[in-house]
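Colleague: My structure is below; once you've seen it, I'll send some questions.
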Amino acid sequence: MTANAGPVTAQAGPISFRVYATQYAPNTPGSVEVAVPDQCVKFASLRNTAALAQNQCPAGYPLGLDYSVDISRDTGQSARVQVKDVGPWNLNDNYWDPPSGPRPRRNFIDLPQGRPEAQAAFYDSYNAKANCLNLDGTPSGRTAGADAMNRCVLNPAGIDLSLAAASQLGLGAGQNDWVNVTFRWEADPATLTNDPDDVRAPRVGVINGCSGGYVKGGPLTSAFRQQLNCGDAKALKLGGSRVAVINACGGAYVKDGALSGPFTSMLNCNDGKAIEVSPDRVAVINGCGGAYVKEGVLSAPFRQQLNCGDARMVSLGGSSVGLPQRVGVVNSCGGAYVKEGALTNPFIQQLNCNDAFAVVVSSNRVGVISGCGAFYVKEGPLSAPFHLQTGCGDVRSIAVTNDRVAVINGCGALYVKEGALGNPFRQQTGCNDAQAVALAGERVGLISGCGAAYVKEGPLSSGFRQQLGCGDARAISLSTF
């Protein structure tokens, strides 16, 4: 065992360990992803229920967990990346898990928690095999620590980084390194919702009547924490553990993590017209009217999506977990376009010129307001057909997640549906009592007709809880872990 091994933290929530990282070329060139030696995590992350069953994965691998890792180097560079493959070396070495629990360590249970089998094999000749195999399957003629397939272990790797993920972390071609890895799906949800300071807790963000920016985490009864002073908040958006703002001078800023942490500048004064944020992306419309998106750490460069003068609206959907992330735009001619996956992928047209007032995206749905003021949503592939939700002239505001659809209709009433797109809407407010709506997880946020902020959580039949009084809410945003 080396001094590099061992846990980084012992606190509740996602657990972290220091392991050796190598690089691999993924099946999808340019994909930002990682591989960990647990095929059940891979299949759950890719939502492959057939493979989960075929490989007899335990019930502790539901599709709804956050199958991504936070990786940090000693240089200070960090990234949050989805698990999309299995490896290195082993297929069933969930070394980060204890011998018991919802996902007990399935193999090599005599090793300490947090110690990959490959690390023990490389340094301590664990699982030593006489005449272990070379990588091509031929006998090596030597005795050495081996993996579960009797291959001679040639390095102590506990995680594999795709070439693009390694580049985001500042690693050169073929460069390996010791890194700190946080396994986000190991969070216990019961520990997340009762601590307002937990960066993984659900959040509510508001701009109040004096144009100050405030965010709270945890229960709806917790206190708001000021992010921008009165008169300094033009926009405030939430995504995962990120808070994005445009301030009074038109500068764009984002923070990631604790609400008391510092903001990082995205755009200078007078250069921020709009901002959106997801757990690992930031989208902006800049001063010249161009659309740009960055991915990964906040210091990453922006990638242009639309040229100057060509962006009316931008939307982000999804996270680094499960289905592909999406970027939606309305361009200068009033056409709606969406791309999914890599930021270098092409946009796919959803509505023709002059036919789109708004577009919102989740990882599996696209919602649009058409030129006549009708509301449509599609589910699944970007080539799927749209389904009418409300008719022409009957929509003021929309919100979409993978499970819920919200609309403020022509009379100013809020309706929300959940489940299939063909399900009926459930009325949430009367006419003239809804100005804005936000959705995240099991929460619905609302600015009422009098300008008060309300949020409900759980079933759509549950009651709203007031967050700000009448006349004190100008914008609302929600995020979940």
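Residue numbers start at 1 in each chain; chains themselves are named A, B, ... in the order of the structure tokens; ligands are numbered from 1 in the order shown.
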For the structure I just gave you, how does DSSP split stretch 321-410 of chain A - specifically, which residues are strand (DSSP E or B)? Reply as an NGL selection string.
Modeller: :A and (326-331 or 336-340 or 348-351 or 356-361 or 365-370 or 375-379 or 387-390 or 397-400 or 404-408)
Colleague: Mind writing the picked residues with N, CA and C atoms as a short mmCIF file (atom, residue, chain, number, x, y, z; two decimals), in the first residue's frame?
Modeller:
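Contents of out_7.cif, as written:
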```cif
data_model
loop_
_atom_site.label_atom_id
_atom_site.label_comp_id
_atom_site.auth_asym_id
_atom_site.auth_seq_id
_atom_site.Cartn_x
_atom_site.Cartn_y
_atom_site.Cartn_z
N ARG A 326 -28.53 18.68 -23.36
CA ARG A 326 -29.07 19.36 -24.53
C ARG A 326 -28.89 20.87 -24.42
N VAL A 327 -28.79 21.51 -25.59
CA VAL A 327 -28.78 22.97 -25.70
C VAL A 327 -29.88 23.35 -26.68
N GLY A 328 -30.78 24.23 -26.26
CA GLY A 328 -31.84 24.72 -27.13
C GLY A 328 -31.66 26.20 -27.39
N VAL A 329 -31.96 26.65 -28.60
CA VAL A 329 -31.85 28.07 -28.94
C VAL A 329 -33.04 28.48 -29.80
N VAL A 330 -33.38 29.75 -29.70
CA VAL A 330 -34.23 30.42 -30.70
C VAL A 330 -33.32 31.42 -31.39
N ASN A 331 -33.22 31.30 -32.71
CA ASN A 331 -32.28 32.17 -33.43
C ASN A 331 -32.95 33.45 -33.93
N ALA A 336 -36.47 27.45 -33.96
CA ALA A 336 -36.05 26.74 -32.76
C ALA A 336 -35.14 25.59 -33.15
N TYR A 337 -34.01 25.46 -32.46
CA TYR A 337 -33.03 24.43 -32.74
C TYR A 337 -32.55 23.81 -31.42
N VAL A 338 -32.26 22.52 -31.45
CA VAL A 338 -31.74 21.82 -30.27
C VAL A 338 -30.61 20.90 -30.71
N LYS A 339 -29.56 20.85 -29.89
CA LYS A 339 -28.51 19.85 -30.06
C LYS A 339 -28.41 19.04 -28.80
N GLU A 340 -27.88 17.83 -28.91
CA GLU A 340 -27.65 17.02 -27.72
C GLU A 340 -26.26 16.39 -27.80
N ILE A 348 -30.27 20.59 -34.47
CA ILE A 348 -31.34 19.98 -35.26
C ILE A 348 -32.56 20.88 -35.17
N GLN A 349 -33.09 21.29 -36.31
CA GLN A 349 -34.21 22.22 -36.33
C GLN A 349 -35.47 21.59 -35.75
N GLN A 350 -36.16 22.37 -34.90
CA GLN A 350 -37.40 21.93 -34.30
C GLN A 350 -38.61 22.72 -34.83
N LEU A 351 -38.43 24.02 -35.05
CA LEU A 351 -39.47 24.87 -35.64
C LEU A 351 -38.83 25.78 -36.66
N ALA A 356 -41.17 30.31 -33.65
CA ALA A 356 -40.76 29.97 -32.29
C ALA A 356 -40.61 31.23 -31.45
N PHE A 357 -41.37 31.30 -30.36
CA PHE A 357 -41.20 32.36 -29.37
C PHE A 357 -40.28 31.91 -28.23
N ALA A 358 -40.30 30.60 -27.92
CA ALA A 358 -39.50 30.11 -26.79
C ALA A 358 -39.22 28.63 -26.97
N VAL A 359 -38.11 28.17 -26.39
CA VAL A 359 -37.78 26.75 -26.35
C VAL A 359 -37.19 26.44 -24.98
N VAL A 360 -37.61 25.32 -24.39
CA VAL A 360 -37.03 24.82 -23.13
C VAL A 360 -36.72 23.35 -23.33
N VAL A 361 -35.63 22.90 -22.72
CA VAL A 361 -35.21 21.52 -22.94
C VAL A 361 -34.90 20.85 -21.60
N ARG A 365 -36.86 15.81 -23.11
CA ARG A 365 -38.03 16.51 -23.63
C ARG A 365 -37.62 17.87 -24.21
N VAL A 366 -38.43 18.32 -25.17
CA VAL A 366 -38.28 19.66 -25.74
C VAL A 366 -39.66 20.31 -25.72
N GLY A 367 -39.74 21.50 -25.13
CA GLY A 367 -40.98 22.27 -25.13
C GLY A 367 -40.79 23.55 -25.93
N VAL A 368 -41.80 23.93 -26.72
CA VAL A 368 -41.72 25.15 -27.52
C VAL A 368 -43.04 25.91 -27.42
N ILE A 369 -42.92 27.23 -27.58
CA ILE A 369 -44.08 28.08 -27.83
C ILE A 369 -43.99 28.48 -29.29
N SER A 370 -45.01 28.13 -30.04
CA SER A 370 -44.99 28.33 -31.48
C SER A 370 -45.36 29.77 -31.84
N PHE A 375 -48.53 25.74 -27.28
CA PHE A 375 -47.50 25.05 -26.51
C PHE A 375 -47.44 23.60 -26.97
N TYR A 376 -46.22 23.17 -27.36
CA TYR A 376 -45.98 21.80 -27.81
C TYR A 376 -44.82 21.21 -27.02
N VAL A 377 -44.86 19.89 -26.79
CA VAL A 377 -43.76 19.18 -26.15
C VAL A 377 -43.52 17.88 -26.91
N LYS A 378 -42.27 17.53 -27.10
CA LYS A 378 -41.90 16.22 -27.62
C LYS A 378 -41.06 15.49 -26.58
N GLU A 379 -41.05 14.17 -26.71
CA GLU A 379 -40.32 13.32 -25.77
C GLU A 379 -39.48 12.33 -26.53
N HIS A 387 -46.23 17.07 -29.37
CA HIS A 387 -47.60 16.83 -28.90
C HIS A 387 -48.17 18.15 -28.38
N LEU A 388 -49.32 18.54 -28.89
CA LEU A 388 -49.96 19.79 -28.48
C LEU A 388 -50.37 19.72 -27.01
N GLN A 389 -50.03 20.78 -26.26
CA GLN A 389 -50.41 20.85 -24.85
C GLN A 389 -51.48 21.92 -24.62
N THR A 390 -51.32 23.10 -25.22
CA THR A 390 -52.36 24.13 -25.19
C THR A 390 -52.42 24.77 -26.57
N SER A 397 -46.24 31.22 -20.24
CA SER A 397 -44.95 30.77 -19.74
C SER A 397 -44.97 29.25 -19.66
N ILE A 398 -43.78 28.61 -19.84
CA ILE A 398 -43.71 27.15 -19.83
C ILE A 398 -42.48 26.69 -19.05
N ALA A 399 -42.54 25.43 -18.60
CA ALA A 399 -41.40 24.77 -17.97
C ALA A 399 -41.55 23.28 -18.23
N VAL A 400 -40.42 22.58 -18.37
CA VAL A 400 -40.44 21.16 -18.73
C VAL A 400 -39.33 20.44 -17.98
N ARG A 404 -42.38 16.18 -15.71
CA ARG A 404 -43.46 17.16 -15.52
C ARG A 404 -43.45 18.21 -16.62
N VAL A 405 -44.64 18.76 -16.87
CA VAL A 405 -44.83 19.86 -17.82
C VAL A 405 -45.68 20.91 -17.13
N ALA A 406 -45.25 22.16 -17.18
CA ALA A 406 -46.00 23.26 -16.56
C ALA A 406 -46.28 24.33 -17.60
N VAL A 407 -47.45 24.96 -17.48
CA VAL A 407 -47.83 26.04 -18.39
C VAL A 407 -48.66 27.06 -17.62
N ILE A 408 -48.36 28.33 -17.86
CA ILE A 408 -49.27 29.40 -17.45
C ILE A 408 -50.06 29.75 -18.70
#
```
Colleague: Looking at A:Tyr292, A:Phe183, A:Tyr95, A:Phe302, which one is nearest to A:Val314, with distances taken over only C-alpha atoms?
Modeller: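 Selected residue with least distance to A:Val314: A:Tyr292.
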Colleague: Name the residues in contact with stretch 452-462 of chain A at a cut-off of 6 Å, using only C-alpha atoms, excluding same-chain residues fewer than 6 positions from it; report them as a CSV table (one decimal) with C-alpha atoms, in the first residue's frame.
Modeller:
```
chain,number,residue,atom,x,y,z
A,442,GLU,CA,-40.6,17.2,-7.2
A,443,ARG,CA,-40.8,21.0,-6.7
A,444,VAL,CA,-43.0,23.6,-8.4
A,445,GLY,CA,-42.1,27.2,-8.1
A,446,LEU,CA,-44.5,30.1,-8.8
A,468,LEU,CA,-41.7,35.9,-0.4
A,469,GLY,CA,-44.7,38.2,0.1
A,470,CYS,CA,-46.9,40.1,-2.4
A,471,GLY,CA,-44.9,42.5,-4.5
A,472,ASP,CA,-41.6,41.1,-3.4
A,473,ALA,CA,-40.8,38.5,-6.1
```
Colleague: Skipping near chain neighbours, those fewer than 5 positions away, what residues fall within 12 Å of stretch 118-135 of chain A using only C-alpha atoms, listed as a PyMOL selection string?
Modeller: chain A and resi 1-6+18-21+36-37+87-95+107-108+110-113+140-159+178
Colleague: Just want the 6 Å neighbourhood of stretch 44-60 of chain A, counted on only C-alpha atoms, with same-chain residues fewer than 3 positions away dropped. Output as a VMD selection string.
Modeller: chain A and resid 40 to 41 63 67 102 to 103 322
Colleague: I'd like the neighbourhood of A:Arg80 as a PyMOL selection string, where a residue qualifies if any of its atoms comes within 7 Å (using only C-alpha atoms), though same-chain residues fewer than 5 positions away should be ignored.
Modeller: chain A and resi 68-71+280+296
Colleague: Skip A:Trp96 itself and residues of its chain fewer than 3 positions away, then list as a ChimeraX atom specification all residues within 9 Å of it, counting only C-alpha atoms.
Modeller: /A:15-17,93,105,113-116,183,186
Colleague: Could you work out how far atom CA of A:Ala300 lies from atom CA of A:Asp85, giving the answer in Å with one decimal?
Modeller: 23.9 Å
Colleague: Residues of stretch 141-305 of chain A in helix (DSSP H, G or I) according to DSSP, as number ranges by chain?
Modeller: A: 163-168, 184-186, 189-191
Colleague: What would the file look like if the residues just selected were written as a compact mmCIF listing (two decimals), in the first residue's frame with N, CA, C and O atoms?
Modeller:
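result-v5.txt was written with the following content:
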```txt
# COMPACT_ATOMS: atom_id res chain seq x y z
N LEU A 163 -10.28 10.68 -23.04
CA LEU A 163 -9.28 11.66 -23.46
C LEU A 163 -9.77 13.09 -23.25
O LEU A 163 -9.02 13.96 -22.81
N ALA A 164 -11.05 13.32 -23.55
CA ALA A 164 -11.61 14.68 -23.39
C ALA A 164 -11.73 15.05 -21.92
O ALA A 164 -11.49 16.21 -21.55
N ALA A 165 -12.12 14.10 -21.07
CA ALA A 165 -12.21 14.39 -19.63
C ALA A 165 -10.83 14.68 -19.07
O ALA A 165 -10.65 15.60 -18.25
N ALA A 166 -9.82 13.91 -19.49
CA ALA A 166 -8.46 14.15 -19.03
C ALA A 166 -7.98 15.53 -19.46
O ALA A 166 -7.31 16.24 -18.69
N SER A 167 -8.33 15.93 -20.68
CA SER A 167 -7.94 17.25 -21.16
C SER A 167 -8.57 18.35 -20.32
O SER A 167 -7.92 19.36 -20.03
N GLN A 168 -9.85 18.17 -19.94
CA GLN A 168 -10.50 19.17 -19.09
C GLN A 168 -9.78 19.33 -17.76
O GLN A 168 -9.78 20.42 -17.17
N ARG A 184 -20.66 10.40 -6.51
CA ARG A 184 -21.84 11.18 -6.14
C ARG A 184 -23.08 10.32 -5.89
O ARG A 184 -23.96 10.73 -5.14
N TRP A 185 -23.17 9.14 -6.48
CA TRP A 185 -24.37 8.34 -6.28
C TRP A 185 -24.41 7.69 -4.90
O TRP A 185 -25.41 7.09 -4.52
N GLU A 186 -23.31 7.80 -4.16
CA GLU A 186 -23.29 7.22 -2.83
C GLU A 186 -23.93 8.12 -1.79
O GLU A 186 -23.92 7.81 -0.60
N PRO A 189 -29.98 10.22 0.26
CA PRO A 189 -30.92 11.34 0.10
C PRO A 189 -31.48 11.82 1.43
O PRO A 189 -31.82 12.99 1.57
N ALA A 190 -31.58 10.93 2.42
CA ALA A 190 -32.13 11.34 3.70
C ALA A 190 -31.25 12.36 4.40
O ALA A 190 -31.71 13.10 5.27
N THR A 191 -29.95 12.40 4.04
CA THR A 191 -29.05 13.35 4.68
C THR A 191 -28.98 14.68 3.94
O THR A 191 -28.33 15.60 4.40
```
Colleague: Between A:Gln427, A:Ser31, A:Thr264, A:Ser278, which one has atoms that come closest to A:Ser362, using only C-alpha atoms?
Modeller: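 The closest residue to A:Ser362 is A:Ser278.
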